[in-house]
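S.K.: Quick one, run.cif (mmCIF, C-alpha atoms):
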```
data_entry
#
loop_
_atom_site.label_atom_id
_atom_site.label_comp_id
_atom_site.auth_asym_id
_atom_site.auth_seq_id
_atom_site.Cartn_x
_atom_site.Cartn_y
_atom_site.Cartn_z
CA MET E 1 19.24 -20.76 17.25
CA LYS E 2 15.49 -21.12 16.88
CA ARG E 3 15.02 -19.94 20.45
CA LEU E 4 17.38 -16.98 20.04
CA PHE E 5 15.72 -15.85 16.80
CA PRO E 6 12.06 -16.95 16.78
CA ALA E 7 11.39 -14.88 13.65
CA PRO E 8 14.57 -15.02 11.57
CA LEU E 9 13.04 -13.27 8.56
CA LEU E 10 11.86 -10.34 10.69
CA SER E 11 15.22 -10.10 12.46
CA LEU E 12 17.06 -10.11 9.15
CA SER E 13 14.83 -7.43 7.59
CA LEU E 14 15.16 -5.19 10.66
CA TRP E 15 18.93 -5.57 10.53
CA LEU E 16 18.99 -4.68 6.82
CA LEU E 17 16.56 -1.79 7.41
CA TRP E 18 18.85 -0.37 10.08
CA LEU E 19 21.92 -0.60 7.84
CA VAL E 20 20.15 0.99 4.86
CA LEU E 21 18.72 3.80 7.00
CA ASN E 22 22.18 4.62 8.33
CA LEU E 23 23.91 4.05 5.00
CA SER E 24 26.84 2.47 6.79
CA ILE E 25 28.26 -0.96 7.46
CA SER E 26 30.61 0.13 10.24
CA PRO E 27 31.04 -2.46 13.03
CA GLY E 28 29.02 -0.28 15.42
CA ASN E 29 26.04 -0.11 13.10
CA LEU E 30 26.29 -3.81 12.29
CA LEU E 31 26.10 -4.53 16.00
CA LEU E 32 23.27 -2.06 16.74
CA GLY E 33 21.23 -3.43 13.85
CA ALA E 34 21.79 -6.99 15.02
CA LEU E 35 20.71 -5.95 18.52
CA LEU E 36 17.52 -4.46 17.07
CA GLY E 37 16.83 -7.62 15.11
CA PHE E 38 17.41 -9.69 18.24
CA LEU E 39 15.31 -7.55 20.62
CA ALA E 40 12.30 -6.65 18.45
CA PRO E 41 10.84 -10.18 18.17
CA ILE E 42 11.32 -10.69 21.93
CA LEU E 43 9.57 -7.39 22.74
CA MET E 44 6.76 -8.28 20.33
CA ALA E 45 6.22 -11.77 21.73
CA PRO E 46 3.58 -10.62 24.28
CA LEU E 47 1.43 -9.53 21.30
CA ARG E 48 1.28 -13.24 20.40
CA PRO E 49 1.95 -12.89 16.65
CA LEU E 50 0.69 -15.77 14.52
CA PRO E 51 3.49 -17.83 13.03
CA VAL E 52 3.91 -16.95 9.38
CA ARG E 53 5.18 -19.12 6.58
CA ILE E 54 6.10 -17.50 3.29
CA ARG E 55 6.76 -19.48 0.14
CA ARG E 56 7.41 -18.92 -3.54
CA PRO E 57 9.68 -15.86 -3.80
CA GLY E 58 9.10 -15.80 -7.56
CA THR E 59 5.36 -15.34 -7.04
CA ILE E 60 6.06 -12.57 -4.52
CA LEU E 61 8.21 -10.65 -7.02
CA ARG E 62 5.64 -11.11 -9.80
CA LEU E 63 2.85 -9.93 -7.49
CA ILE E 64 4.83 -6.82 -6.46
CA ALA E 65 5.51 -5.96 -10.11
CA ARG E 66 1.86 -6.52 -11.00
CA VAL E 67 0.66 -4.31 -8.12
CA GLY E 68 3.16 -1.60 -9.16
CA ILE E 69 1.71 -1.55 -12.68
CA ASP E 70 -1.89 -1.57 -11.39
CA VAL E 71 -1.12 1.31 -9.02
CA VAL E 72 0.11 3.48 -11.90
CA ILE E 73 -2.92 2.61 -14.05
CA SER E 74 -5.33 3.21 -11.19
CA ASN E 75 -3.64 6.52 -10.34
CA LEU E 76 -4.19 7.76 -13.88
CA GLN E 77 -7.83 6.61 -13.81
CA VAL E 78 -8.58 8.34 -10.51
CA ALA E 79 -6.74 11.51 -11.62
CA ARG E 80 -8.80 11.56 -14.82
CA GLY E 81 -11.98 10.98 -12.82
CA VAL E 82 -11.14 13.93 -10.55
CA TRP E 83 -10.36 16.35 -13.38
CA ARG E 84 -13.63 15.65 -15.19
CA ALA E 85 -15.76 15.15 -12.09
CA HIS E 86 -17.98 18.14 -12.95
CA ARG E 87 -19.16 16.84 -16.30
CA HIS E 88 -18.96 13.09 -15.62
CA PRO E 89 -19.36 12.24 -11.93
CA PRO E 90 -17.41 9.00 -11.30
CA ARG E 91 -19.56 5.88 -11.20
CA SER E 92 -18.41 4.72 -7.77
CA ARG E 93 -19.98 1.75 -6.12
CA PHE E 94 -19.57 -0.92 -3.46
CA VAL E 95 -18.64 -4.43 -4.60
CA THR E 96 -18.85 -7.57 -2.49
CA ILE E 97 -16.09 -10.02 -3.34
CA PRO E 98 -16.31 -13.64 -2.20
CA LEU E 99 -12.97 -14.65 -0.66
CA GLU E 100 -11.20 -17.98 -0.47
CA LEU E 101 -8.08 -16.59 1.19
CA ARG E 102 -8.28 -17.21 4.97
CA ASP E 103 -4.74 -16.67 6.25
CA ALA E 104 -4.50 -13.55 8.44
CA HIS E 105 -1.18 -12.44 6.93
CA GLY E 106 -2.49 -12.96 3.42
CA LEU E 107 -5.54 -10.83 4.24
CA ALA E 108 -3.28 -8.14 5.71
CA ALA E 109 -1.26 -8.14 2.49
CA LEU E 110 -4.49 -7.97 0.49
CA SER E 111 -5.64 -4.95 2.50
CA MET E 112 -2.28 -3.29 1.82
CA ILE E 113 -2.70 -3.91 -1.90
CA THR E 114 -6.24 -2.51 -2.03
CA THR E 115 -5.15 0.59 -0.10
CA VAL E 116 -2.08 1.22 -2.25
CA VAL E 117 -4.21 0.99 -5.40
CA PRO E 118 -6.05 4.36 -5.33
CA GLY E 119 -9.16 3.08 -7.10
CA THR E 120 -10.17 0.68 -4.35
CA ILE E 121 -10.95 1.15 -0.64
CA TRP E 122 -11.11 -1.85 1.71
CA SER E 123 -14.37 -1.23 3.58
CA GLU E 124 -15.38 -4.36 5.41
CA LEU E 125 -14.32 -7.95 5.95
CA ALA E 126 -16.97 -10.50 6.91
CA LEU E 127 -16.48 -11.95 10.40
CA ASP E 128 -15.88 -15.43 8.98
CA ARG E 129 -13.53 -13.97 6.32
CA SER E 130 -15.71 -15.32 3.53
CA ALA E 131 -16.38 -12.00 1.82
CA LEU E 132 -14.93 -8.54 1.40
CA LEU E 133 -16.69 -5.24 0.79
CA LEU E 134 -14.73 -2.92 -1.49
CA HIS E 135 -15.53 0.61 -2.59
CA VAL E 136 -14.44 1.08 -6.20
CA PHE E 137 -13.95 4.55 -7.67
CA GLU E 138 -14.92 3.89 -11.27
CA LEU E 139 -16.75 0.71 -12.23
CA ASP E 140 -19.16 -0.36 -14.96
CA ASP E 141 -19.43 -4.09 -14.56
CA ASP E 142 -18.97 -6.16 -11.38
CA ALA E 143 -18.12 -9.59 -12.77
CA PRO E 144 -14.92 -8.79 -14.73
CA PHE E 145 -13.61 -6.69 -11.84
CA ILE E 146 -14.19 -9.46 -9.29
CA GLN E 147 -12.54 -11.97 -11.64
CA HIS E 148 -9.52 -9.68 -12.13
CA PHE E 149 -9.23 -9.06 -8.39
CA LYS E 150 -9.30 -12.75 -7.53
CA ASP E 151 -6.91 -13.79 -10.29
CA THR E 152 -4.27 -11.10 -9.90
CA TYR E 153 -4.22 -10.61 -6.11
CA GLU E 154 -6.02 -13.33 -4.19
CA ARG E 155 -4.64 -16.40 -5.96
CA PRO E 156 -0.94 -15.39 -5.71
CA LEU E 157 -1.45 -14.51 -2.02
CA MET E 158 -2.97 -17.94 -1.41
CA GLU E 159 0.05 -19.53 -3.07
CA ILE E 160 2.43 -17.46 -0.94
CA PHE E 161 0.79 -17.78 2.47
CA GLU E 162 -1.26 -21.00 2.47
CA MET H 1 30.75 19.69 0.15
CA ASN H 2 33.71 21.45 -1.50
CA GLU H 3 33.71 19.07 -4.42
CA VAL H 4 30.34 18.99 -6.15
CA ASN H 5 30.05 16.85 -9.23
CA GLN H 6 28.43 18.44 -12.23
CA LEU H 7 25.18 16.63 -12.99
CA PRO H 8 24.54 15.72 -16.62
CA MET H 9 21.78 17.76 -18.21
CA TRP H 10 19.49 14.81 -18.89
CA LEU H 11 19.56 13.80 -15.22
CA GLU H 12 18.52 17.28 -14.14
CA VAL H 13 15.67 17.23 -16.65
CA VAL H 14 14.47 13.80 -15.51
CA THR H 15 14.59 14.88 -11.85
CA ALA H 16 12.64 18.07 -12.60
CA VAL H 17 10.00 16.20 -14.60
CA LEU H 18 9.55 13.64 -11.82
CA LEU H 19 9.14 16.38 -9.20
CA LEU H 20 6.62 18.24 -11.37
CA LEU H 21 4.68 15.02 -12.01
CA SER H 22 4.60 14.33 -8.30
CA SER H 23 3.28 17.78 -7.44
CA LEU H 24 0.69 17.48 -10.21
CA PHE H 25 -0.59 14.23 -8.68
CA ALA H 26 -0.63 15.73 -5.19
CA LEU H 27 -2.60 18.71 -6.53
CA THR H 28 -5.06 16.35 -8.22
CA GLY H 29 -5.51 14.51 -4.94
CA ALA H 30 -6.32 17.75 -3.12
CA LEU H 31 -8.63 18.83 -5.93
CA GLY H 32 -10.45 15.52 -5.62
CA LEU H 33 -11.21 16.24 -1.98
CA LEU H 34 -12.67 19.59 -3.04
CA ARG H 35 -14.68 18.43 -6.05
CA LEU H 36 -16.16 15.09 -5.08
CA LYS H 37 -19.25 15.04 -2.93
CA ASP H 38 -19.56 11.57 -1.42
CA PHE H 39 -17.38 10.52 1.55
CA PHE H 40 -16.29 7.23 0.03
CA GLN H 41 -15.49 8.86 -3.30
CA ARG H 42 -13.36 11.40 -1.48
CA MET H 43 -11.31 8.64 0.14
CA HIS H 44 -9.78 7.71 -3.23
CA PRO H 45 -7.91 10.85 -4.42
CA PRO H 46 -5.58 11.32 -1.40
CA ALA H 47 -4.07 7.94 -2.30
CA LEU H 48 -2.59 9.69 -5.35
CA ALA H 49 -0.27 11.64 -3.06
CA SER H 50 0.66 8.65 -0.91
CA THR H 51 1.40 6.36 -3.85
CA ILE H 52 2.56 7.75 -7.19
CA GLY H 53 3.25 11.21 -5.72
CA THR H 54 5.66 9.74 -3.17
CA TRP H 55 7.11 7.30 -5.67
CA CYS H 56 8.06 10.10 -8.06
CA VAL H 57 9.75 12.15 -5.31
CA ALA H 58 11.63 9.08 -4.05
CA LEU H 59 12.76 8.21 -7.57
CA ALA H 60 13.84 11.82 -8.19
CA SER H 61 15.81 11.82 -4.93
CA ILE H 62 17.49 8.51 -5.78
CA LEU H 63 18.48 9.66 -9.27
CA TYR H 64 19.67 13.09 -8.15
CA PHE H 65 21.81 11.99 -5.21
CA SER H 66 23.12 8.93 -7.05
CA GLY H 67 24.25 11.32 -9.77
CA LEU H 68 25.83 13.73 -7.29
CA LYS H 69 27.73 11.05 -5.39
CA GLN H 70 28.48 8.90 -8.43
CA ALA H 71 27.19 5.88 -6.53
CA PRO H 72 23.75 4.37 -5.96
CA VAL H 73 21.92 6.09 -3.06
CA ILE H 74 18.75 4.05 -2.82
CA HIS H 75 17.56 4.41 0.76
CA ALA H 76 14.81 6.89 -0.22
CA TRP H 77 12.98 3.87 -1.59
CA LEU H 78 12.24 2.85 2.00
CA ILE H 79 9.76 5.77 2.28
CA PRO H 80 7.20 4.35 -0.19
CA ILE H 81 7.57 0.91 1.42
CA LEU H 82 7.00 2.19 4.96
CA LEU H 83 4.10 4.35 3.71
CA ALA H 84 2.50 1.33 2.04
CA ILE H 85 2.65 -0.51 5.37
CA THR H 86 1.29 2.31 7.56
CA VAL H 87 -1.28 4.09 5.36
CA PRO H 88 -3.75 1.14 5.32
CA VAL H 89 -4.14 1.43 9.11
CA THR H 90 -5.74 4.88 8.94
CA THR H 91 -7.60 4.21 5.69
CA LEU H 92 -9.24 1.08 7.10
CA LEU H 93 -10.21 2.87 10.30
CA LEU H 94 -11.77 5.78 8.38
CA ALA H 95 -13.69 3.49 6.04
CA ARG H 96 -15.01 1.31 8.88
CA ALA H 97 -16.08 4.32 10.96
CA ALA H 98 -17.81 5.98 8.00
CA LEU H 99 -19.61 2.76 7.09
CA PHE H 100 -20.78 2.33 10.68
CA ARG H 101 -22.09 5.90 10.90
CA LYS H 102 -23.84 5.73 7.54
CA ARG H 103 -25.55 2.47 8.50
CA MET H 104 -26.67 3.94 11.80
CA SER H 105 -28.17 6.97 10.06
CA GLY H 106 -29.82 4.80 7.40
CA ASP H 107 -27.85 6.12 4.41
CA ASP H 108 -27.62 4.26 1.14
CA VAL H 109 -24.76 1.86 1.91
CA PRO H 110 -24.64 -1.96 1.72
CA ALA H 111 -25.84 -3.89 4.76
CA GLU H 112 -23.39 -5.80 6.94
CA ILE H 113 -21.87 -8.63 4.95
CA SER H 114 -21.37 -11.03 7.86
CA SER H 115 -24.22 -13.50 7.97
CA GLY H 116 -25.11 -13.72 11.65
CA ARG H 117 -22.89 -12.86 14.57
CA ASP H 118 -22.49 -16.41 15.83
CA ARG H 119 -20.34 -17.45 12.86
CA GLY H 120 -17.48 -15.14 13.73
CA HIS H 121 -14.30 -16.24 15.46
#
```
Could the structure of this file be written out as structure tokens, please?

M.R.:
Amino acid sequence: MKRLFPAPLLSLSLWLLWLVLNLSISPGNLLLGALLGFLAPILMAPLRPLPVRIRRPGTILRLIARVGIDVVISNLQVARGVWRAHRHPPRSRFVTIPLELRDAHGLAALSMITTVVPGTIWSELALDRSALLLHVFELDDDAPFIQHFKDTYERPLMEIFE
Amino acid sequence: MNEVNQLPMWLEVVTAVLLLLSSLFALTGALGLLRLKDFFQRMHPPALASTIGTWCVALASILYFSGLKQAPVIHAWLIPILLAITVPVTTLLLARAALFRKRMSGDDVPAEISSGRDRGH
């Protein structure tokens, strides 16, 4: 079983993705989706993906909800900044954030989060993964922002991936 | 399509409001590109269209077609998820390229944050 499906989670999500995209659970689609889930990990094996271990589904759900809320807040902030850009140019700035998260998948998830939140742009990751350079759209004070970033995003990701 | 269910009024209103909201956010994103001066500042507003703009359209589509078919039609929600996975690829590339160019031309951007090349893996 392990040899047939080296990445069971990926196979399962691809199968579900196929069924949802086709909006059908006919035998043909069940079979095609299963074939996709079976073939994709085999075709991707030459890329040598790192084995991933995901834990704590509760933390994952909480993190997704938290990011959803932050995205809405950040959207409103950036929209406000754009509409009044003539009178009050946004105080944008680069922030260096020390990182403790080292897992490649965790960092990939972190980069997704920073990109989805409009107020932050992932600009550079140190070669040894010890620090991250972020561009922040509107920022007064570094310390509270760094604390918020580490508490709300980095710590849950460390719990999930490490 | 010979039998079309009549949508309740409130559902039509909610769908219309969501679509208007979405277009407002997309417009704001475009306006941001026009108004802001600095490259890195201008990278922020387009995210309005790819996040909350898309979310509102997806939600409107889900509500509208679920109402029409009298059953949950939720597959539009895949669009925001797939966007969230693919958008970072281009954003990261753009940011890295811009940072590299600005450093080369001596603009006011932070220096490289890696301390020494030998420590990398």

S.K.: I want to know what sits within 12 Å of Thr90 (chain H), based on all atoms listed in the file, with residues of the same chain fewer than 4 positions away left out; could you give that as a PyMOL selection string?

M.R.: (chain E and resi 111-112+115+121-123) or (chain H and resi 43+47+83-86+94-97)

S.K.: Would you pick out the contacts of Leu35 (chain E) at 10 Å or less, using only C-alpha atoms, so that residues sharing its chain but fewer than 4 positions from it are not included, and give the list as a list of chain:residue names?

M.R.: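 Answer for this query is E:Ser11, E:Leu14, E:Trp15, E:Asn29, E:Leu30, E:Leu31, E:Leu39, E:Ala40.
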
S.K.: Rank nothing, just name the residue among H:Leu7, H:Leu92, H:Leu21, H:Ala58 nearest to Ala76 (chain H), using only C-alpha atoms.

M.R.: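 Going through H:Leu7, H:Leu92, H:Leu21, H:Ala58 one by one, the smallest distance to Ala76 (chain H) is for H:Ala58.
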
S.K.: Any idea which chain H residues end up within 9 Å of chain E if we count all atoms listed in the file, as a PDB file with C-alpha atoms, in the coordinates of the input please?

M.R.:
```pdb
ATOM      1  CA  PHE H  25      -0.590  14.230  -8.680  1.00  0.00           C
ATOM      2  CA  THR H  28      -5.060  16.350  -8.220  1.00  0.00           C
ATOM      3  CA  GLY H  29      -5.510  14.510  -4.940  1.00  0.00           C
ATOM      4  CA  LEU H  31      -8.630  18.830  -5.930  1.00  0.00           C
ATOM      5  CA  GLY H  32     -10.450  15.520  -5.620  1.00  0.00           C
ATOM      6  CA  LEU H  33     -11.210  16.240  -1.980  1.00  0.00           C
ATOM      7  CA  ARG H  35     -14.680  18.430  -6.050  1.00  0.00           C
ATOM      8  CA  LEU H  36     -16.160  15.090  -5.080  1.00  0.00           C
ATOM      9  CA  PHE H  40     -16.290   7.230   0.030  1.00  0.00           C
ATOM     10  CA  GLN H  41     -15.490   8.860  -3.300  1.00  0.00           C
ATOM     11  CA  MET H  43     -11.310   8.640   0.140  1.00  0.00           C
ATOM     12  CA  HIS H  44      -9.780   7.710  -3.230  1.00  0.00           C
ATOM     13  CA  PRO H  45      -7.910  10.850  -4.420  1.00  0.00           C
ATOM     14  CA  PRO H  46      -5.580  11.320  -1.400  1.00  0.00           C
ATOM     15  CA  ALA H  47      -4.070   7.940  -2.300  1.00  0.00           C
ATOM     16  CA  LEU H  48      -2.590   9.690  -5.350  1.00  0.00           C
ATOM     17  CA  SER H  50       0.660   8.650  -0.910  1.00  0.00           C
ATOM     18  CA  THR H  51       1.400   6.360  -3.850  1.00  0.00           C
ATOM     19  CA  ILE H  52       2.560   7.750  -7.190  1.00  0.00           C
ATOM     20  CA  VAL H  73      21.920   6.090  -3.060  1.00  0.00           C
ATOM     21  CA  ILE H  74      18.750   4.050  -2.820  1.00  0.00           C
ATOM     22  CA  HIS H  75      17.560   4.410   0.760  1.00  0.00           C
ATOM     23  CA  ALA H  76      14.810   6.890  -0.220  1.00  0.00           C
ATOM     24  CA  LEU H  78      12.240   2.850   2.000  1.00  0.00           C
ATOM     25  CA  ALA H  84       2.500   1.330   2.040  1.00  0.00           C
ATOM     26  CA  ILE H  85       2.650  -0.510   5.370  1.00  0.00           C
ATOM     27  CA  THR H  86       1.290   2.310   7.560  1.00  0.00           C
ATOM     28  CA  VAL H  87      -1.280   4.090   5.360  1.00  0.00           C
ATOM     29  CA  PRO H  88      -3.750   1.140   5.320  1.00  0.00           C
ATOM     30  CA  VAL H  89      -4.140   1.430   9.110  1.00  0.00           C
ATOM     31  CA  THR H  91      -7.600   4.210   5.690  1.00  0.00           C
ATOM     32  CA  LEU H  92      -9.240   1.080   7.100  1.00  0.00           C
ATOM     33  CA  LEU H  93     -10.210   2.870  10.300  1.00  0.00           C
ATOM     34  CA  LEU H  94     -11.770   5.780   8.380  1.00  0.00           C
ATOM     35  CA  ALA H  95     -13.690   3.490   6.040  1.00  0.00           C
ATOM     36  CA  ARG H  96     -15.010   1.310   8.880  1.00  0.00           C
ATOM     37  CA  LEU H  99     -19.610   2.760   7.090  1.00  0.00           C
ATOM     38  CA  VAL H 109     -24.760   1.860   1.910  1.00  0.00           C
ATOM     39  CA  PRO H 110     -24.640  -1.960   1.720  1.00  0.00           C
ATOM     40  CA  GLU H 112     -23.390  -5.800   6.940  1.00  0.00           C
ATOM     41  CA  ILE H 113     -21.870  -8.630   4.950  1.00  0.00           C
ATOM     42  CA  SER H 114     -21.370 -11.030   7.860  1.00  0.00           C
ATOM     43  CA  SER H 115     -24.220 -13.500   7.970  1.00  0.00           C
ATOM     44  CA  GLY H 116     -25.110 -13.720  11.650  1.00  0.00           C
ATOM     45  CA  ARG H 117     -22.890 -12.860  14.570  1.00  0.00           C
ATOM     46  CA  ARG H 119     -20.340 -17.450  12.860  1.00  0.00           C
ATOM     47  CA  GLY H 120     -17.480 -15.140  13.730  1.00  0.00           C
ATOM     48  CA  HIS H 121     -14.300 -16.240  15.460  1.00  0.00           C
TER      49      HIS H 121
END
```

S.K.: Just say which residues the PyMOL selection byres ((chain H and resi 14) around 12) picks in this file, as a ChimeraX atom specification.

M.R.: /H:7-13,15-21,56-57,59-64,67

S.K.: Using CA of Pro156 (chain E) and CA of Ile60 (chain E) as the two end points, give the distance in Å to one decimal.

M.R.: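 These two atoms are separated by 7.6 Å.
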
S.K.: Let me make sure I understand: among E:Gly37, E:Pro98, E:Pro46, E:Pro57, which one has the smallest atom-to-atom distance to Ala7 (chain E) if we use only C-alpha atoms?

M.R.: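 Of E:Gly37, E:Pro98, E:Pro46, E:Pro57, the one nearest Ala7 (chain E) is E:Gly37, counting only C-alpha atoms.
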
S.K.: CA of Ser22 (chain H) and CA of Phe149 (chain E) are how many Å apart?

M.R.: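 Going from CA of Ser22 (chain H) over to CA of Phe149 (chain E) covers 27.2 Å.
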
S.K.: I'd like the interatomic distance between CA of Pro41 (chain E) and CA of Leu82 (chain H), to a tenth of an Å.

M.R.: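 Computed distance, CA of Pro41 (chain E) to CA of Leu82 (chain H), equals 18.5 Å.
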
S.K.: Kindly indicate which residue among E:Leu110, E:Trp18, E:Ile146, E:Leu47 lies nearest to Ile64 (chain E), using only C-alpha atoms for the distances.

M.R.: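 Distance minimum relative to Ile64 (chain E) lands on E:Leu110.
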
S.K.: Give me the residues within 12 Å of Phe38 (chain E) as a VMD selection string, counting only C-alpha atoms and dropping any in the same chain fewer than 5 places off.

M.R.: chain E and resid 1 to 15 31 to 33 43 to 45

S.K.: Given the file above and the PyMOL selection byres ((chain E and resi 159-161) around 9), which residues are selected, and can you give them as a VMD selection string?

M.R.: chain E and resid 52 to 57 59 to 60 103 105 to 106 154 to 158 162

S.K.: Quick one: of E:Tyr153, E:Pro51, E:Leu99, E:Arg87, who's nearest to Asp70 (chain E), counting only C-alpha atoms?

M.R.: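 Closest candidate: E:Tyr153.
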